[in-house]
Amino acid sequence: MLSGYHWLYVVAVAAVGFSAVARTAFYYLLRYFTDDVLGSETAVSRLPWVALGFIALALFQGGFTFLSGKWSAEAAEGATRRLRDYLYDHIQHLSFTYHDKTPTGELIQRATSDVDALRRFYADQAIGAGRIILLFLVNFAALLTLNVRLALISIILIPLVLLTSVFFFRKVSQLYEEFQEQEAKLSTTLQENLSGIRVVKAFARQAYEMDKFEGDNFERYTRGKRLLIMHAVYWPSTDILVFAQLILGYFVGATMAINGIITVGTFIAYMGMLNMIAWPLRQLGRLIVDMSTGIVSFGRVLAIIREDREPLDVGQHQPTGPVHGEIVFDRVGFHYDGETAVLHNISFRCQPGQVIALIGSTGAGKTTLVNLLPRFYDYNEGSVTLDGVELRDYPRRYLRQQIGIVQQEPFLFSRTIRENILYGVGRNVSDEEIEAAARAAAIHEVILTFPDGYSTLVGEKGVTLSGGQKQRITLARTLLKDPRILILDDATSSVDTETETAIREALEQLLPGRTTFIIAHRIQTVMNADLILVMDKGNIIQTGTHDELMAAAGTYQRIFNLQSQIENELEEDLATTAS
Ligand code: TTP
Ligand code: MG
């Protein structure tokens, strides 16, 4: 992340070095002033020059401090900007399995708060540490030129200061990690509560949610307090050590000055330099402690980066043209978690252009089955071939381009309706094509009734759509993509029977040549399919066409009878009410 910024860092540290040298030169000038100017006969005429010297040094020091701050900030902001971009990109490329098990709030926390801790590390802590080390080296070298014995006495307690820092560093790292974990938990709770706000309100569970949040928040408070107390203990404990060091140094220095071993000017300069060694080193301790937060955050960000991306373009088979759509499942088995199988022994075949319908109880594995086709997940047993080639050998990007899926839970972005419908296509599309797709999905007329038509914003800042409207827009989105293989996962479940019939008729126009999977609960939706698969508990229990399935006693026939019985009763009811 830092590549390209190394040099900026080097010059920032160099600038810090210059500013440290100016600071030390200041004490030399002070010594010269005390020893050679104050008592001399020409003092008055030399005074302005000395004053000018002090001013020049102050400007020099200030200028370089500014430059190092500017450069290190540029490097830090640049590097973290790159890191944020990279993370965003990386998170989008992680597998379905990863996203299934990682709470969104956790990812948000790591991509924001933790990245910011890293920014502070780059901007303040890394450069601050460089500054302190340089200050120490320059001042210590200067002290050595003043008096070797004094110089050595000045650092006698410094190791203790550093040891204390390391001790606190360990403590703070651990506390900070616990703190960040809890903070992530809080983000997750908040994020989930906001996405589910309608459910919360519908069940009037605000108090329960509040309790849950309060509990987590209290834990965060406790951990935050522990962390701050640890910081609070650090300062006085190192203060004592630094003061002891200063008093020791002053005492020895003063004794030497009284005995005439060093001049008064040297003693004054020595006091200044000693300060410039002792206090910054205490700051270094603090920095080391702060760095622990940067390091912990680094680890948390790295944990995401280390997750393997799901390769989009890798595949032994690199197809050139569009698929035909011949699909063969052969004894396919699949599980999500490595234990409980969700699909068992699934076998069927379909020719290009056929319509396959899946019907069956909820949780039977219908969605799971069709999710294997675009390789959202890879099957664990058996084989699936598409046009005679094992599905695993296809690059994911190709499959996802060729397969259009209307997912069971419709999701629209907070963008305009047009942008939402256009989402799946990378090419330029005319308004006529968009409208044709919307017409086929029986949503065109509805869109026209919105205030801004196709430019109406969806979601938070725009119109709130009904479930059926959303579903039909996602359908239009997939139809516009014009995929060779079309998967409709309960795509008309929230649509009334009349509209569904309209959609089905429009789809029949579009379907020729396309292999289509339709998942539905209504027999009406699936009865025209070339092949109907009846699923239960991860198994295919019946296969055939509508007529074949009706001829045999079984689940399909039972569902059909139940559904027609309900319909008949409904019609009779309506008839009696009307008469
Ligand atoms: P689904 O394949 O989602 O069942 P379904 O589509 O047939 O059901 P519905 O008609 O209600 O849409 O789920 C099959 C089983 O797999 C079910 O027990 C839940 C489990 N499952 C997971 O463990 N992880 C997942 O991501 C999904 C989608 C399902
Ligand atoms: Mg489903």
# chains A, B, ... in the order shown; residues from 1 in each chain; ligands from 1

$ select_by_dssp --residues "region 247-392 of chain A" --states "alpha helix (DSSP H)" --output "PyMOL selection string"
chain A and resi 247-258+264-306+366-371

$ select_by_dssp --residues "region 320-537 of chain A" --states "strand (DSSP E or B)" --output "PyMOL selection string"
chain A and resi 327-335+341-350+355-360+381-386+389-390+403-406+416+457-458+463+485-489+515-519+531-536

$ write_last_selection --atoms "C-alpha atoms" --output "PDB file, in the first residue's frame"
ATOM      1  CA  ILE A 327     -27.342 -29.364 -18.588  1.00  0.00           C
ATOM      2  CA  VAL A 328     -26.777 -32.736 -16.973  1.00  0.00           C
ATOM      3  CA  PHE A 329     -26.830 -33.332 -13.234  1.00  0.00           C
ATOM      4  CA  ASP A 330     -25.373 -36.675 -12.263  1.00  0.00           C
ATOM      5  CA  ARG A 331     -25.741 -37.843  -8.651  1.00  0.00           C
ATOM      6  CA  VAL A 332     -24.993 -34.394  -7.294  1.00  0.00           C
ATOM      7  CA  GLY A 333     -24.599 -33.921  -3.545  1.00  0.00           C
ATOM      8  CA  PHE A 334     -24.064 -30.638  -1.750  1.00  0.00           C
ATOM      9  CA  HIS A 335     -23.724 -29.253   1.770  1.00  0.00           C
ATOM     10  CA  ALA A 341     -26.186 -32.544   3.130  1.00  0.00           C
ATOM     11  CA  VAL A 342     -28.741 -30.233   1.557  1.00  0.00           C
ATOM     12  CA  LEU A 343     -28.873 -31.990  -1.821  1.00  0.00           C
ATOM     13  CA  HIS A 344     -28.657 -35.757  -2.245  1.00  0.00           C
ATOM     14  CA  ASN A 345     -28.114 -37.731  -5.375  1.00  0.00           C
ATOM     15  CA  ILE A 346     -29.654 -35.212  -7.779  1.00  0.00           C
ATOM     16  CA  SER A 347     -29.782 -36.462 -11.367  1.00  0.00           C
ATOM     17  CA  PHE A 348     -31.617 -35.079 -14.379  1.00  0.00           C
ATOM     18  CA  ARG A 349     -30.829 -33.811 -17.839  1.00  0.00           C
ATOM     19  CA  CYS A 350     -32.226 -31.066 -20.001  1.00  0.00           C
ATOM     20  CA  VAL A 355     -38.049 -25.306 -19.536  1.00  0.00           C
ATOM     21  CA  ILE A 356     -37.333 -27.088 -16.265  1.00  0.00           C
ATOM     22  CA  ALA A 357     -39.636 -26.489 -13.361  1.00  0.00           C
ATOM     23  CA  LEU A 358     -38.826 -27.153  -9.730  1.00  0.00           C
ATOM     24  CA  ILE A 359     -41.589 -27.532  -7.248  1.00  0.00           C
ATOM     25  CA  GLY A 360     -41.627 -28.755  -3.694  1.00  0.00           C
ATOM     26  CA  GLU A 381     -20.344 -34.832  -5.003  1.00  0.00           C
ATOM     27  CA  GLY A 382     -21.279 -36.044  -8.439  1.00  0.00           C
ATOM     28  CA  SER A 383     -21.004 -33.982 -11.562  1.00  0.00           C
ATOM     29  CA  VAL A 384     -22.792 -31.205 -13.359  1.00  0.00           C
ATOM     30  CA  THR A 385     -22.032 -30.608 -16.989  1.00  0.00           C
ATOM     31  CA  LEU A 386     -22.996 -27.721 -19.162  1.00  0.00           C
ATOM     32  CA  VAL A 389     -18.097 -29.642 -19.917  1.00  0.00           C
ATOM     33  CA  GLU A 390     -17.825 -29.999 -16.154  1.00  0.00           C
ATOM     34  CA  ILE A 403     -26.905 -17.219 -16.756  1.00  0.00           C
ATOM     35  CA  GLY A 404     -29.486 -14.717 -15.663  1.00  0.00           C
ATOM     36  CA  ILE A 405     -30.972 -15.261 -12.258  1.00  0.00           C
ATOM     37  CA  VAL A 406     -33.940 -13.600 -10.637  1.00  0.00           C
ATOM     38  CA  THR A 416     -33.067   5.170 -10.387  1.00  0.00           C
ATOM     39  CA  LEU A 457     -35.259   6.951  -7.411  1.00  0.00           C
ATOM     40  CA  VAL A 458     -35.825   3.691  -5.584  1.00  0.00           C
ATOM     41  CA  VAL A 463     -40.285   5.711  -3.934  1.00  0.00           C
ATOM     42  CA  ILE A 485     -29.922 -19.660 -19.340  1.00  0.00           C
ATOM     43  CA  LEU A 486     -32.651 -18.065 -17.302  1.00  0.00           C
ATOM     44  CA  ILE A 487     -33.359 -18.901 -13.681  1.00  0.00           C
ATOM     45  CA  LEU A 488     -36.538 -17.641 -12.076  1.00  0.00           C
ATOM     46  CA  ASP A 489     -36.419 -18.416  -8.385  1.00  0.00           C
ATOM     47  CA  THR A 515     -32.877 -22.997 -21.164  1.00  0.00           C
ATOM     48  CA  THR A 516     -35.104 -21.876 -18.344  1.00  0.00           C
ATOM     49  CA  PHE A 517     -35.424 -22.963 -14.740  1.00  0.00           C
ATOM     50  CA  ILE A 518     -38.619 -21.962 -13.014  1.00  0.00           C
ATOM     51  CA  ILE A 519     -39.097 -22.426  -9.304  1.00  0.00           C
ATOM     52  CA  LEU A 531     -39.661 -31.307 -17.292  1.00  0.00           C
ATOM     53  CA  ILE A 532     -40.964 -30.926 -13.789  1.00  0.00           C
ATOM     54  CA  LEU A 533     -38.801 -31.924 -10.851  1.00  0.00           C
ATOM     55  CA  VAL A 534     -40.641 -32.431  -7.594  1.00  0.00           C
ATOM     56  CA  MET A 535     -38.279 -31.978  -4.673  1.00  0.00           C
ATOM     57  CA  ASP A 536     -38.464 -32.888  -1.042  1.00  0.00           C
TER      58      ASP A 536
END

$ residues_near_ligand --ligand "ligand 2" --cutoff "7 Å" --atoms "only C-alpha atoms and all ligand atoms" --output "ChimeraX atom specification"
/A:362-363,365-367,408,489

$ closest_residue --among "A:Glu432, A:Asp313, A:Asp490, A:Asp36" --to "ligand 1" --atoms "only C-alpha atoms and all ligand atoms"
A:Asp490

$ closest_residue --among "A:Glu307, A:Asp114, A:Asp337, A:Asp124" --to "ligand 1" --atoms "only C-alpha atoms and all ligand atoms"
A:Asp337

$ residues_around --residues "Ile158 (chain A)" --least-positions-apart "6" --cutoff "9 Å" --atoms "only C-alpha atoms" --output "PDB file with N, CA, C and O atoms, in the first residue's frame"
ATOM      1  N   LEU A 241       9.478   8.431  36.530  1.00  0.00           N
ATOM      2  CA  LEU A 241      10.798   8.027  36.049  1.00  0.00           C
ATOM      3  C   LEU A 241      11.513   9.193  35.354  1.00  0.00           C
ATOM      4  O   LEU A 241      12.715   9.429  35.579  1.00  0.00           O
ATOM      5  N   VAL A 242      10.760   9.929  34.531  1.00  0.00           N
ATOM      6  CA  VAL A 242      11.392  11.020  33.793  1.00  0.00           C
ATOM      7  C   VAL A 242      11.848  12.121  34.762  1.00  0.00           C
ATOM      8  O   VAL A 242      12.958  12.641  34.642  1.00  0.00           O
ATOM      9  N   GLN A 245      14.943  11.098  36.437  1.00  0.00           N
ATOM     10  CA  GLN A 245      16.074  11.251  35.512  1.00  0.00           C
ATOM     11  C   GLN A 245      16.522  12.711  35.428  1.00  0.00           C
ATOM     12  O   GLN A 245      17.720  13.013  35.487  1.00  0.00           O
ATOM     13  N   ALA A 278      14.739  13.433  27.523  1.00  0.00           N
ATOM     14  CA  ALA A 278      13.857  12.722  28.459  1.00  0.00           C
ATOM     15  C   ALA A 278      12.374  12.781  28.055  1.00  0.00           C
ATOM     16  O   ALA A 278      11.712  11.743  27.966  1.00  0.00           O
ATOM     17  N   LEU A 281      11.366  10.851  24.926  1.00  0.00           N
ATOM     18  CA  LEU A 281      11.406   9.403  25.109  1.00  0.00           C
ATOM     19  C   LEU A 281      10.150   8.911  25.813  1.00  0.00           C
ATOM     20  O   LEU A 281       9.658   7.814  25.542  1.00  0.00           O
ATOM     21  N   ARG A 282       9.659   9.755  26.706  1.00  0.00           N
ATOM     22  CA  ARG A 282       8.409   9.392  27.356  1.00  0.00           C
ATOM     23  C   ARG A 282       7.300   9.367  26.301  1.00  0.00           C
ATOM     24  O   ARG A 282       6.432   8.494  26.279  1.00  0.00           O
TER      25      ARG A 282
END

$ atom_distance --atom1 "CA of Phe33 (chain A)" --atom2 "CA of Ile262 (chain A)"
15.2 Å

$ atom_distance --atom1 "CA of Thr189 (chain A)" --atom2 "CA of Arg110 (chain A)"
15.0 Å

$ closest_residue --among "A:Leu479, A:Leu152, A:Ala364, A:Met1" --to "ligand 1" --atoms "only C-alpha atoms and all ligand atoms"
A:Ala364

$ atom_distance --atom1 "CA of Asn420 (chain A)" --atom2 "CA of Asn371 (chain A)"
21.7 Å

$ residues_around --residues "Asp431 (chain A)" --least-positions-apart "3" --cutoff "12 Å" --atoms "only C-alpha atoms" --output "PyMOL selection string"
chain A and resi 418-419+421-422+428+434-438+444+454-455+480

$ decode --residues "region 7-93 of chain A" --atoms "C-alpha atoms" --output "PDB file, in the first residue's frame"
ATOM      1  CA  TRP A   7      10.296   8.617  -0.771  1.00  0.00           C
ATOM      2  CA  LEU A   8       7.745  10.978   0.648  1.00  0.00           C
ATOM      3  CA  TYR A   9       8.296   9.245   3.968  1.00  0.00           C
ATOM      4  CA  VAL A  10      12.052   9.465   3.651  1.00  0.00           C
ATOM      5  CA  VAL A  11      11.955  13.214   2.996  1.00  0.00           C
ATOM      6  CA  ALA A  12       9.438  13.654   5.797  1.00  0.00           C
ATOM      7  CA  VAL A  13      11.837  11.949   8.211  1.00  0.00           C
ATOM      8  CA  ALA A  14      14.748  13.963   6.821  1.00  0.00           C
ATOM      9  CA  ALA A  15      12.782  17.146   7.459  1.00  0.00           C
ATOM     10  CA  VAL A  16      12.218  15.972  10.998  1.00  0.00           C
ATOM     11  CA  GLY A  17      15.956  15.448  11.323  1.00  0.00           C
ATOM     12  CA  PHE A  18      16.692  19.015  10.194  1.00  0.00           C
ATOM     13  CA  SER A  19      14.220  20.368  12.657  1.00  0.00           C
ATOM     14  CA  ALA A  20      15.876  18.339  15.450  1.00  0.00           C
ATOM     15  CA  VAL A  21      19.291  19.689  14.495  1.00  0.00           C
ATOM     16  CA  ALA A  22      17.925  23.249  14.610  1.00  0.00           C
ATOM     17  CA  ARG A  23      16.529  22.579  18.053  1.00  0.00           C
ATOM     18  CA  THR A  24      19.870  21.386  19.351  1.00  0.00           C
ATOM     19  CA  ALA A  25      21.750  24.244  17.700  1.00  0.00           C
ATOM     20  CA  PHE A  26      19.475  26.497  19.708  1.00  0.00           C
ATOM     21  CA  TYR A  27      21.090  25.220  22.942  1.00  0.00           C
ATOM     22  CA  TYR A  28      24.573  25.694  21.525  1.00  0.00           C
ATOM     23  CA  LEU A  29      23.697  29.279  20.755  1.00  0.00           C
ATOM     24  CA  LEU A  30      22.379  29.627  24.288  1.00  0.00           C
ATOM     25  CA  ARG A  31      25.669  28.376  25.705  1.00  0.00           C
ATOM     26  CA  TYR A  32      27.633  30.752  23.501  1.00  0.00           C
ATOM     27  CA  PHE A  33      25.377  33.602  24.563  1.00  0.00           C
ATOM     28  CA  THR A  34      25.782  32.835  28.283  1.00  0.00           C
ATOM     29  CA  ASP A  35      29.507  32.108  28.311  1.00  0.00           C
ATOM     30  CA  ASP A  36      30.914  34.376  25.611  1.00  0.00           C
ATOM     31  CA  VAL A  37      28.484  37.240  25.030  1.00  0.00           C
ATOM     32  CA  LEU A  38      26.800  38.161  28.333  1.00  0.00           C
ATOM     33  CA  GLY A  39      29.921  38.971  30.326  1.00  0.00           C
ATOM     34  CA  SER A  40      32.017  40.443  27.476  1.00  0.00           C
ATOM     35  CA  GLU A  41      32.651  44.129  26.811  1.00  0.00           C
ATOM     36  CA  THR A  42      31.230  44.013  23.275  1.00  0.00           C
ATOM     37  CA  ALA A  43      28.005  42.390  24.501  1.00  0.00           C
ATOM     38  CA  VAL A  44      25.698  45.191  23.369  1.00  0.00           C
ATOM     39  CA  SER A  45      26.890  45.243  19.774  1.00  0.00           C
ATOM     40  CA  ARG A  46      26.770  41.434  19.516  1.00  0.00           C
ATOM     41  CA  LEU A  47      23.312  41.116  21.008  1.00  0.00           C
ATOM     42  CA  PRO A  48      21.288  41.772  17.772  1.00  0.00           C
ATOM     43  CA  TRP A  49      23.262  39.067  15.931  1.00  0.00           C
ATOM     44  CA  VAL A  50      22.554  36.549  18.644  1.00  0.00           C
ATOM     45  CA  ALA A  51      18.875  37.523  18.563  1.00  0.00           C
ATOM     46  CA  LEU A  52      18.834  37.083  14.775  1.00  0.00           C
ATOM     47  CA  GLY A  53      20.417  33.680  15.217  1.00  0.00           C
ATOM     48  CA  PHE A  54      17.649  32.582  17.611  1.00  0.00           C
ATOM     49  CA  ILE A  55      14.977  33.816  15.212  1.00  0.00           C
ATOM     50  CA  ALA A  56      16.586  32.087  12.241  1.00  0.00           C
ATOM     51  CA  LEU A  57      16.801  28.797  14.147  1.00  0.00           C
ATOM     52  CA  ALA A  58      13.179  29.069  15.220  1.00  0.00           C
ATOM     53  CA  LEU A  59      12.077  29.657  11.609  1.00  0.00           C
ATOM     54  CA  PHE A  60      14.234  26.815  10.368  1.00  0.00           C
ATOM     55  CA  GLN A  61      12.849  24.435  12.936  1.00  0.00           C
ATOM     56  CA  GLY A  62       9.242  25.523  12.367  1.00  0.00           C
ATOM     57  CA  GLY A  63       9.573  25.292   8.599  1.00  0.00           C
ATOM     58  CA  PHE A  64      10.869  21.760   8.668  1.00  0.00           C
ATOM     59  CA  THR A  65       8.331  20.647  11.225  1.00  0.00           C
ATOM     60  CA  PHE A  66       5.627  21.923   8.888  1.00  0.00           C
ATOM     61  CA  LEU A  67       7.120  20.167   5.873  1.00  0.00           C
ATOM     62  CA  SER A  68       7.477  16.844   7.630  1.00  0.00           C
ATOM     63  CA  GLY A  69       3.878  17.083   8.829  1.00  0.00           C
ATOM     64  CA  LYS A  70       2.664  17.882   5.340  1.00  0.00           C
ATOM     65  CA  TRP A  71       4.608  15.136   3.624  1.00  0.00           C
ATOM     66  CA  SER A  72       3.803  12.440   6.118  1.00  0.00           C
ATOM     67  CA  ALA A  73       0.111  13.366   5.973  1.00  0.00           C
ATOM     68  CA  GLU A  74       0.185  13.131   2.178  1.00  0.00           C
ATOM     69  CA  ALA A  75       1.855   9.735   2.313  1.00  0.00           C
ATOM     70  CA  ALA A  76      -0.515   8.451   4.998  1.00  0.00           C
ATOM     71  CA  GLU A  77      -3.676   9.709   3.303  1.00  0.00           C
ATOM     72  CA  GLY A  78      -2.514   8.357  -0.035  1.00  0.00           C
ATOM     73  CA  ALA A  79      -1.675   4.942   1.340  1.00  0.00           C
ATOM     74  CA  THR A  80      -4.919   4.569   3.268  1.00  0.00           C
ATOM     75  CA  ARG A  81      -6.949   5.749   0.316  1.00  0.00           C
ATOM     76  CA  ARG A  82      -5.386   2.965  -1.677  1.00  0.00           C
ATOM     77  CA  LEU A  83      -6.020   0.512   1.133  1.00  0.00           C
ATOM     78  CA  ARG A  84      -9.704   1.480   1.270  1.00  0.00           C
ATOM     79  CA  ASP A  85     -10.088   1.013  -2.482  1.00  0.00           C
ATOM     80  CA  TYR A  86      -8.339  -2.308  -2.308  1.00  0.00           C
ATOM     81  CA  LEU A  87     -10.455  -3.538   0.598  1.00  0.00           C
ATOM     82  CA  TYR A  88     -13.696  -2.550  -1.107  1.00  0.00           C
ATOM     83  CA  ASP A  89     -12.643  -4.390  -4.223  1.00  0.00           C
ATOM     84  CA  HIS A  90     -11.412  -7.381  -2.256  1.00  0.00           C
ATOM     85  CA  ILE A  91     -14.561  -7.731  -0.157  1.00  0.00           C
ATOM     86  CA  GLN A  92     -16.637  -7.796  -3.350  1.00  0.00           C
ATOM     87  CA  HIS A  93     -14.570 -10.681  -4.641  1.00  0.00           C
TER      88      HIS A  93
END
